>>> print(open('upload10.txt').read())   # compact mmCIF, C-alpha atoms
# COMPACT_ATOMS: atom_id res chain seq x y z
CA MET A 1 -118.83 -19.31 27.83
CA ILE A 2 -121.42 -22.09 27.78
CA ARG A 3 -120.47 -25.75 28.15
CA TYR A 4 -122.60 -28.89 28.16
CA SER A 5 -121.43 -32.40 29.04
CA ILE A 6 -123.26 -35.73 28.77
CA ILE A 7 -121.91 -38.94 30.31
CA ILE A 8 -123.38 -42.39 29.62
CA SER A 9 -121.75 -45.36 31.35
CA ASN A 10 -122.37 -48.72 32.99
CA MET A 11 -119.00 -48.84 34.76
CA GLY A 12 -120.69 -48.48 38.14
CA ASN A 13 -121.78 -52.12 37.89
CA ALA A 14 -118.69 -54.24 38.61
CA LYS A 15 -120.56 -57.47 37.78
CA ILE A 16 -120.78 -56.64 34.07
CA ASN A 17 -117.91 -58.09 32.02
CA ASN A 18 -118.32 -55.68 29.11
CA GLN A 19 -118.29 -52.11 30.37
CA PHE A 20 -118.39 -48.84 28.45
CA PHE A 21 -118.03 -45.11 29.03
CA LEU A 22 -119.12 -42.26 26.75
CA ARG A 23 -118.62 -38.55 27.37
CA MET A 24 -119.76 -35.86 24.93
CA ASN A 25 -118.95 -32.18 25.35
CA ALA A 26 -120.28 -29.10 23.57
CA GLU A 27 -118.87 -25.64 24.21
CA THR A 28 -119.35 -22.20 22.76
CA SER A 29 -117.99 -18.77 23.66
CA GLY A 30 -118.26 -15.12 22.70
CA ASN A 31 -121.85 -15.15 21.39
CA ILE A 32 -123.44 -12.87 23.98
CA PRO A 33 -120.88 -10.01 23.77
CA TYR A 34 -120.92 -10.32 19.96
CA LEU A 35 -124.72 -10.03 19.94
CA VAL A 36 -124.62 -7.01 22.27
CA ASP A 37 -121.98 -5.29 20.11
CA ASN A 38 -124.07 -5.88 17.00
CA LEU A 39 -127.31 -4.62 18.55
CA LYS A 40 -125.61 -1.51 19.91
CA ASN A 41 -123.63 -0.94 16.71
CA ASN A 42 -120.47 -0.63 18.77
CA PRO A 43 -117.41 0.48 16.81
CA GLN A 44 -115.04 -2.13 15.43
CA THR A 45 -111.30 -1.94 15.11
CA GLU A 46 -109.72 -1.15 11.76
CA ASN A 47 -109.36 -4.90 11.21
CA GLY A 48 -113.10 -5.42 11.64
CA TYR A 49 -113.53 -7.03 15.05
CA TYR A 50 -114.83 -6.07 18.51
CA GLU A 51 -112.82 -5.66 21.70
CA ARG A 52 -113.40 -5.69 25.43
CA LEU A 53 -111.02 -3.52 27.49
CA GLY A 54 -108.74 -3.31 24.46
CA VAL A 55 -108.61 -7.09 23.97
CA ARG A 56 -110.20 -8.98 21.10
CA TYR A 57 -112.47 -11.67 22.56
CA SER A 58 -112.83 -15.16 21.10
CA GLN A 59 -115.92 -16.58 19.46
CA PHE A 60 -115.96 -20.30 18.69
CA ALA A 61 -117.83 -23.59 18.95
CA ARG A 62 -116.19 -26.84 20.07
CA LEU A 63 -117.47 -30.42 20.09
CA ASP A 64 -115.64 -33.49 21.36
CA PHE A 65 -116.37 -37.04 22.50
CA ASP A 66 -114.56 -39.84 24.33
CA PHE A 67 -115.79 -43.45 24.00
CA ARG A 68 -114.22 -46.31 26.00
CA LYS A 69 -115.02 -50.02 25.97
CA PHE A 70 -113.64 -52.70 28.30
CA TRP A 71 -113.87 -56.48 27.91
CA LYS A 72 -113.01 -58.84 30.76
CA LEU A 73 -111.20 -61.88 29.33
CA ARG A 74 -109.94 -65.09 30.90
CA ARG A 75 -107.24 -65.24 33.57
CA SER A 76 -107.67 -61.62 34.70
CA ASN A 77 -106.89 -60.27 31.24
CA PHE A 78 -108.65 -57.15 30.00
CA LEU A 79 -109.05 -55.65 26.54
CA ALA A 80 -109.48 -51.88 26.60
CA PHE A 81 -110.50 -49.76 23.61
CA ARG A 82 -110.74 -46.02 23.24
CA PHE A 83 -111.94 -43.78 20.40
CA MET A 84 -112.12 -40.03 20.75
CA GLY A 85 -112.42 -37.08 18.45
CA GLY A 86 -113.33 -33.44 18.26
CA SER A 87 -113.74 -30.38 16.12
CA ALA A 88 -113.48 -26.65 16.89
CA LEU A 89 -114.76 -23.83 14.68
CA PRO A 90 -113.87 -20.14 15.03
CA TYR A 91 -116.40 -17.65 13.66
CA GLY A 92 -117.72 -14.13 14.05
CA ASN A 93 -115.15 -12.22 16.07
CA SER A 94 -112.41 -14.87 15.71
CA ASP A 95 -110.21 -16.17 12.91
CA ALA A 96 -108.65 -18.90 15.05
CA VAL A 97 -109.54 -21.06 18.02
CA PRO A 98 -107.77 -20.08 21.29
CA PHE A 99 -104.66 -22.15 21.90
CA GLU A 100 -106.05 -23.75 25.06
CA LYS A 101 -109.20 -24.84 23.19
CA SER A 102 -107.41 -26.41 20.24
CA PHE A 103 -106.58 -30.13 20.06
CA TRP A 104 -103.19 -31.77 20.47
CA LEU A 105 -101.79 -35.29 20.75
CA GLY A 106 -98.68 -36.97 22.08
CA GLY A 107 -97.57 -37.86 25.57
CA ALA A 108 -98.57 -40.34 28.24
CA ASN A 109 -102.31 -40.62 27.61
CA ASP A 110 -102.88 -40.91 23.86
CA MET A 111 -100.17 -41.10 21.15
CA ARG A 112 -97.44 -42.54 23.33
CA GLY A 113 -94.94 -42.88 20.47
CA TRP A 114 -94.77 -39.06 20.21
CA ARG A 115 -93.81 -36.45 22.75
CA LEU A 116 -96.34 -34.00 24.14
CA ARG A 117 -97.82 -31.73 21.41
CA SER A 118 -95.31 -32.97 18.84
CA LEU A 119 -97.66 -34.74 16.40
CA GLY A 120 -99.21 -33.09 13.35
CA PRO A 121 -100.95 -31.20 12.16
CA GLY A 122 -101.69 -33.55 9.27
CA GLY A 123 -98.63 -34.36 7.21
CA TYR A 124 -96.71 -31.24 8.20
CA VAL A 125 -92.97 -31.80 8.28
CA SER A 126 -91.40 -29.73 11.05
CA THR A 127 -88.06 -28.04 10.48
CA ASP A 128 -87.37 -27.80 14.22
CA ASN A 129 -88.33 -29.46 17.50
CA ASN A 130 -91.66 -27.69 17.84
CA TYR A 131 -93.71 -29.12 20.72
CA ASN A 132 -96.68 -26.79 20.36
CA LYS A 133 -98.43 -28.40 17.39
CA THR A 134 -102.19 -28.13 17.62
CA GLY A 135 -105.19 -28.47 15.34
CA GLU A 136 -108.90 -27.78 15.04
CA ILE A 137 -109.82 -31.40 14.22
CA MET A 138 -108.71 -34.48 16.17
CA LEU A 139 -109.16 -38.24 15.83
CA GLN A 140 -107.45 -40.77 18.09
CA SER A 141 -107.87 -44.40 19.08
CA SER A 142 -106.04 -46.88 21.33
CA LEU A 143 -106.30 -50.61 21.94
CA GLU A 144 -104.69 -52.24 25.00
CA ASN A 145 -104.36 -55.79 26.26
CA ARG A 146 -103.92 -55.55 30.04
CA PHE A 147 -102.68 -58.60 31.96
CA PRO A 148 -101.18 -59.55 35.35
CA ILE A 149 -97.48 -60.39 35.64
CA TYR A 150 -96.81 -60.97 39.32
CA SER A 151 -98.49 -59.70 42.46
CA PHE A 152 -98.88 -55.91 42.11
CA LEU A 153 -97.04 -55.81 38.76
CA LEU A 154 -99.24 -55.62 35.66
CA GLY A 155 -98.38 -55.39 31.97
CA SER A 156 -99.91 -54.06 28.78
CA PHE A 157 -99.40 -54.32 25.04
CA PHE A 158 -100.94 -51.43 23.15
CA VAL A 159 -101.29 -49.72 19.78
CA ASP A 160 -102.21 -46.05 19.29
CA ALA A 161 -103.44 -44.29 16.16
CA GLY A 162 -104.44 -40.70 15.49
CA ASN A 163 -103.57 -37.16 14.44
CA VAL A 164 -104.75 -33.55 14.52
CA TRP A 165 -105.53 -31.34 11.53
CA LEU A 166 -106.25 -27.74 10.61
CA ARG A 167 -109.51 -26.75 8.96
CA ARG A 168 -107.87 -24.64 6.27
CA PRO A 169 -104.49 -24.54 4.53
CA SER A 170 -101.81 -22.64 6.44
CA VAL A 171 -98.55 -21.15 5.24
CA ASP A 172 -97.07 -21.95 8.66
CA PHE A 173 -98.08 -25.63 8.53
CA PRO A 174 -98.01 -26.88 4.91
CA ASP A 175 -100.04 -30.06 4.34
CA GLY A 176 -101.59 -29.65 7.77
CA GLU A 177 -105.22 -29.26 6.67
CA PHE A 178 -107.90 -31.96 6.85
CA LYS A 179 -108.89 -33.53 3.51
CA PHE A 180 -111.58 -36.20 3.26
CA ASP A 181 -109.81 -37.98 0.43
CA SER A 182 -106.43 -38.28 2.17
CA PHE A 183 -106.74 -37.80 5.95
CA TYR A 184 -106.60 -41.56 6.55
CA LYS A 185 -103.09 -41.61 5.07
CA GLN A 186 -102.01 -39.17 7.78
CA ILE A 187 -103.07 -41.34 10.73
CA ALA A 188 -99.95 -41.81 12.84
CA MET A 189 -99.47 -45.17 14.57
CA ASP A 190 -97.29 -46.53 17.36
CA LEU A 191 -96.83 -49.81 19.18
CA GLY A 192 -95.69 -50.28 22.76
CA PHE A 193 -95.42 -52.15 26.03
CA GLY A 194 -96.22 -50.86 29.47
CA LEU A 195 -95.76 -51.73 33.13
CA ARG A 196 -98.29 -50.81 35.80
CA PHE A 197 -97.43 -50.91 39.51
CA ASP A 198 -100.75 -51.34 41.27
CA PHE A 199 -100.38 -50.21 44.89
CA SER A 200 -104.17 -50.25 45.45
CA PHE A 201 -104.39 -46.59 46.47
CA PHE A 202 -102.72 -45.49 43.22
CA ILE A 203 -101.20 -46.92 40.03
CA LEU A 204 -97.78 -45.92 38.77
CA ARG A 205 -97.40 -46.41 35.01
CA LEU A 206 -94.41 -46.68 32.69
CA ASP A 207 -95.03 -47.00 28.93
CA ALA A 208 -92.52 -47.38 26.11
CA ALA A 209 -93.78 -46.87 22.55
CA VAL A 210 -92.20 -46.85 19.10
CA PRO A 211 -93.81 -45.17 16.08
CA PHE A 212 -94.15 -47.35 12.99
CA HIS A 213 -96.23 -45.11 10.74
CA ASP A 214 -95.30 -41.44 10.54
CA PRO A 215 -97.48 -39.14 8.34
CA THR A 216 -94.40 -37.04 7.62
CA HIS A 217 -93.04 -40.00 5.62
CA PRO A 218 -95.62 -40.35 2.82
CA GLY A 219 -95.56 -43.49 0.74
CA HIS A 220 -94.23 -45.68 3.57
CA TRP A 221 -96.94 -47.32 5.67
CA PHE A 222 -94.39 -49.19 7.78
CA SER A 223 -91.09 -47.42 8.36
CA SER A 224 -88.27 -49.75 9.40
CA ASP A 225 -86.12 -46.69 10.09
CA LEU A 226 -88.55 -45.55 12.78
CA PHE A 227 -89.40 -48.93 14.27
CA ASN A 228 -86.37 -49.51 16.47
CA TYR A 229 -85.46 -48.97 20.12
CA GLN A 230 -83.56 -45.75 19.36
CA HIS A 231 -86.88 -44.03 18.62
CA ALA A 232 -88.70 -45.40 21.66
CA ILE A 233 -90.48 -42.82 23.81
CA LEU A 234 -90.80 -43.40 27.56
CA ASN A 235 -93.84 -42.01 29.34
CA PHE A 236 -94.53 -41.91 33.06
CA GLY A 237 -98.03 -41.54 34.41
CA ILE A 238 -100.34 -41.95 37.39
CA GLY A 239 -103.31 -44.21 36.74
CA TYR A 240 -104.39 -45.80 33.49
CA PRO A 241 -104.26 -43.76 30.26
CA PHE A 242 -108.02 -44.33 29.85
>>> encode(input="upload10.txt", output="structure tokens")
Amino acid sequence: MIRYSIIISNMGNAKINNQFFLRMNAETSGNIPYLVDNLKNNPQTENGYYERLGVRYSQFARLDFDFRKFWKLRRSNFLAFRFMGGSALPYGNSDAVPFEKSFWLGGANDMRGWRLRSLGPGGYVSTDNNYNKTGEIMLQSSLENRFPIYSFLLGSFFVDAGNVWLRRPSVDFPDGEFKFDSFYKQIAMDLGFGLRFDFSFFILRLDAAVPFHDPTHPGHWFSSDLFNYQHAILNFGIGYPF
């Protein structure tokens, strides 16, 4: 496995009011053993792939980025923005990206109106409470207004938007594939409020978010059925989400 990471940031300078952070990652795996197997003409299984110690190895490429921007406003208010995305491509000896290298959303640090790994892929409508939904393409963005309340207690209003998609149609996840002409209709959105307890040496966070656009409800940009306290999701975390 080969992995490259590039980080560009000016957050080390506390005197700058407008700070940013950018991380880009590139990763690939399985190319060297696949090349060796091809050069040596090693035998393939009856399904047409190579193995190591009786196990089919993965071959894929993965790209992702994470951009963050922070504006210092008046009266100790901050505006924080995040935009991240990624894409993973299986090839050669693989038909699918390994589960741990796929993308997922939901939980305390991105789509806070959905539980961990419960969003997507695409417009797929789940028939059960499946919390292992992943995809090969991911787009997500968040915008937060962070402000002081009293002493060590801070607050935040935020909105999250994003989803994950598959590269190709799947019988297991109907309507889960990425389409350029319709993916924007499948961007899930939530709105929430958070409390941050800043104890200097660490920050304890409590966020409550309510979804107001669900891609599994096509034709309804704003769903009044979803946007109520009964569908609020509580998330606990240590530190800021980004």
>>> closest_residue(input="upload10.txt", among="A:Phe197, A:Phe67, A:Phe173, A:Trp221", to="Gly239 in chain A", atoms="only C-alpha atoms")
A:Phe197
>>> residues_around(input="upload10.txt", residues="Ala232 in chain A", least_positions_apart="3", cutoff="8 Å", atoms="only C-alpha atoms", output="ChimeraX atom specification")
/A:113,208-211,228-229
>>> write_last_selection(input="upload10.txt", atoms="C-alpha atoms", output="PDB file, in the coordinates of the input")
ATOM      1  CA  GLY A 113     -94.940 -42.880  20.470  1.00  0.00           C
ATOM      2  CA  ALA A 208     -92.520 -47.380  26.110  1.00  0.00           C
ATOM      3  CA  ALA A 209     -93.780 -46.870  22.550  1.00  0.00           C
ATOM      4  CA  VAL A 210     -92.200 -46.850  19.100  1.00  0.00           C
ATOM      5  CA  PRO A 211     -93.810 -45.170  16.080  1.00  0.00           C
ATOM      6  CA  ASN A 228     -86.370 -49.510  16.470  1.00  0.00           C
ATOM      7  CA  TYR A 229     -85.460 -48.970  20.120  1.00  0.00           C
TER       8      TYR A 229
END
>>> residues_around(input="upload10.txt", residues="Phe147 in chain A", least_positions_apart="4", cutoff="8 Å", atoms="all atoms listed in the file", output="PyMOL selection string")
chain A and resi 76-78+154-156
>>> residues_around(input="upload10.txt", residues="Gly30 in chain A", least_positions_apart="4", cutoff="8 Å", atoms="all atoms listed in the file", output="VMD selection string")
chain A and resid 1 34 57 to 60 93
>>> write_last_selection(input="upload10.txt", atoms="C-alpha atoms", output="short mmCIF file (atom, residue, chain, number, x, y, z; two decimals), keeping the file's coordinate frame")
data_model
loop_
_atom_site.label_atom_id
_atom_site.label_comp_id
_atom_site.auth_asym_id
_atom_site.auth_seq_id
_atom_site.Cartn_x
_atom_site.Cartn_y
_atom_site.Cartn_z
CA MET A 1 -118.83 -19.31 27.83
CA TYR A 34 -120.92 -10.32 19.96
CA TYR A 57 -112.47 -11.67 22.56
CA SER A 58 -112.83 -15.16 21.10
CA GLN A 59 -115.92 -16.58 19.46
CA PHE A 60 -115.96 -20.30 18.69
CA ASN A 93 -115.15 -12.22 16.07
#
>>> residues_near_point(input="upload10.txt", point="(-101.3, -37.8, 19.0)", cutoff="8 Å", atoms="all atoms listed in the file", output="PyMOL selection string")
chain A and resi 104-107+110-112+114+117-120+140+161-164+188
>>> residues_around(input="upload10.txt", residues="Asn47 in chain A", least_positions_apart="2", cutoff="12 Å", atoms="all atoms listed in the file", output="PyMOL selection string")
chain A and resi 43-45+49-51+56+93-95
>>> atom_distance(input="upload10.txt", atom1="CA of Ser142 in chain A", atom2="CA of Ala61 in chain A")
26.2 Å
>>> residues_around(input="upload10.txt", residues="Asn17 in chain A", least_positions_apart="3", cutoff="9 Å", atoms="all atoms listed in the file", output="MDAnalysis selection string")
chainID A and resid 14 70:73
>>> closest_residue(input="upload10.txt", among="A:Met138, A:Leu206, A:Leu39, A:Ile16", to="Phe103 in chain A", atoms="only C-alpha atoms")
A:Met138
>>> closest_residue(input="upload10.txt", among="A:Leu204, A:Pro169, A:Leu63, A:Gly194", to="Ile137 in chain A", atoms="only C-alpha atoms")
A:Leu63
>>> atom_distance(input="upload10.txt", atom1="CA of Phe157 in chain A", atom2="CA of Ala108 in chain A")
14.4 Å
>>> closest_residue(input="upload10.txt", among="A:Leu79, A:Asp214, A:Val159, A:Asn38", to="Asn145 in chain A", atoms="only C-alpha atoms")
A:Leu79
>>> atom_distance(input="upload10.txt", atom1="CA of Lys133 in chain A", atom2="CA of Phe158 in chain A")
23.9 Å
>>> closest_residue(input="upload10.txt", among="A:Ala80, A:Ile187, A:Ala96, A:Val171", to="Phe20 in chain A", atoms="all atoms listed in the file")
A:Ala80
>>> closest_residue(input="upload10.txt", among="A:Leu195, A:Ile149, A:Leu89, A:Val36", to="Gly135 in chain A", atoms="all atoms listed in the file")
A:Leu89
>>> residues_near_point(input="upload10.txt", point="(-100.1, -34.7, 4.8)", cutoff="6 Å", atoms="only C-alpha atoms", output="NGL selection string")
:A and (122-124 or 175 or 186)
>>> decode(input="upload10.txt", residues="range 178-192 of chain A", atoms="N, CA, C and O atoms", output="mmCIF file, in the first residue's frame")
data_model
loop_
_atom_site.group_PDB
_atom_site.id
_atom_site.type_symbol
_atom_site.label_atom_id
_atom_site.label_comp_id
_atom_site.auth_asym_id
_atom_site.auth_seq_id
_atom_site.Cartn_x
_atom_site.Cartn_y
_atom_site.Cartn_z
ATOM 1 N N PHE A 178 -24.139 7.169 -8.352
ATOM 2 C CA PHE A 178 -23.913 8.588 -8.618
ATOM 3 C C PHE A 178 -24.288 8.908 -10.055
ATOM 4 O O PHE A 178 -23.831 8.255 -10.992
ATOM 5 N N LYS A 179 -25.107 9.946 -10.243
ATOM 6 C CA LYS A 179 -25.494 10.420 -11.569
ATOM 7 C C LYS A 179 -25.287 11.931 -11.620
ATOM 8 O O LYS A 179 -25.775 12.659 -10.761
ATOM 9 N N PHE A 180 -24.569 12.394 -12.646
ATOM 10 C CA PHE A 180 -24.258 13.812 -12.743
ATOM 11 C C PHE A 180 -25.504 14.680 -12.879
ATOM 12 O O PHE A 180 -25.527 15.820 -12.440
ATOM 13 N N ASP A 181 -26.546 14.130 -13.481
ATOM 14 C CA ASP A 181 -27.735 14.952 -13.724
ATOM 15 C C ASP A 181 -28.720 14.955 -12.553
ATOM 16 O O ASP A 181 -29.731 15.652 -12.608
ATOM 17 N N SER A 182 -28.424 14.186 -11.503
ATOM 18 C CA SER A 182 -29.396 14.131 -10.397
ATOM 19 C C SER A 182 -28.773 14.031 -9.012
ATOM 20 O O SER A 182 -29.504 14.023 -8.026
ATOM 21 N N PHE A 183 -27.441 13.958 -8.900
ATOM 22 C CA PHE A 183 -26.834 13.749 -7.583
ATOM 23 C C PHE A 183 -27.163 14.886 -6.623
ATOM 24 O O PHE A 183 -27.291 14.672 -5.412
ATOM 25 N N TYR A 184 -27.296 16.114 -7.158
ATOM 26 C CA TYR A 184 -27.570 17.266 -6.291
ATOM 27 C C TYR A 184 -28.924 17.152 -5.605
ATOM 28 O O TYR A 184 -29.142 17.746 -4.535
ATOM 29 N N LYS A 185 -29.848 16.395 -6.192
ATOM 30 C CA LYS A 185 -31.148 16.193 -5.566
ATOM 31 C C LYS A 185 -31.062 15.238 -4.378
ATOM 32 O O LYS A 185 -31.981 15.170 -3.566
ATOM 33 N N GLN A 186 -29.947 14.511 -4.289
ATOM 34 C CA GLN A 186 -29.772 13.516 -3.230
ATOM 35 C C GLN A 186 -28.844 14.005 -2.123
ATOM 36 O O GLN A 186 -28.356 13.212 -1.327
ATOM 37 N N ILE A 187 -28.599 15.315 -2.077
ATOM 38 C CA ILE A 187 -27.799 15.894 -1.000
ATOM 39 C C ILE A 187 -28.674 16.009 0.247
ATOM 40 O O ILE A 187 -29.628 16.781 0.277
ATOM 41 N N ALA A 188 -28.365 15.237 1.254
ATOM 42 C CA ALA A 188 -29.100 15.311 2.521
ATOM 43 C C ALA A 188 -28.686 16.564 3.276
ATOM 44 O O ALA A 188 -27.546 17.029 3.166
ATOM 45 N N MET A 189 -29.625 17.120 4.076
ATOM 46 C CA MET A 189 -29.325 18.335 4.841
ATOM 47 C C MET A 189 -29.937 18.257 6.233
ATOM 48 O O MET A 189 -31.022 17.694 6.404
ATOM 49 N N ASP A 190 -29.221 18.817 7.200
ATOM 50 C CA ASP A 190 -29.735 18.894 8.563
ATOM 51 C C ASP A 190 -29.369 20.229 9.169
ATOM 52 O O ASP A 190 -28.462 20.935 8.704
ATOM 53 N N LEU A 191 -30.075 20.579 10.229
ATOM 54 C CA LEU A 191 -29.878 21.842 10.930
ATOM 55 C C LEU A 191 -29.811 21.556 12.417
ATOM 56 O O LEU A 191 -30.563 20.710 12.918
ATOM 57 N N GLY A 192 -28.911 22.234 13.142
ATOM 58 C CA GLY A 192 -28.795 21.899 14.553
ATOM 59 C C GLY A 192 -28.182 22.981 15.413
ATOM 60 O O GLY A 192 -27.745 24.033 14.940
#
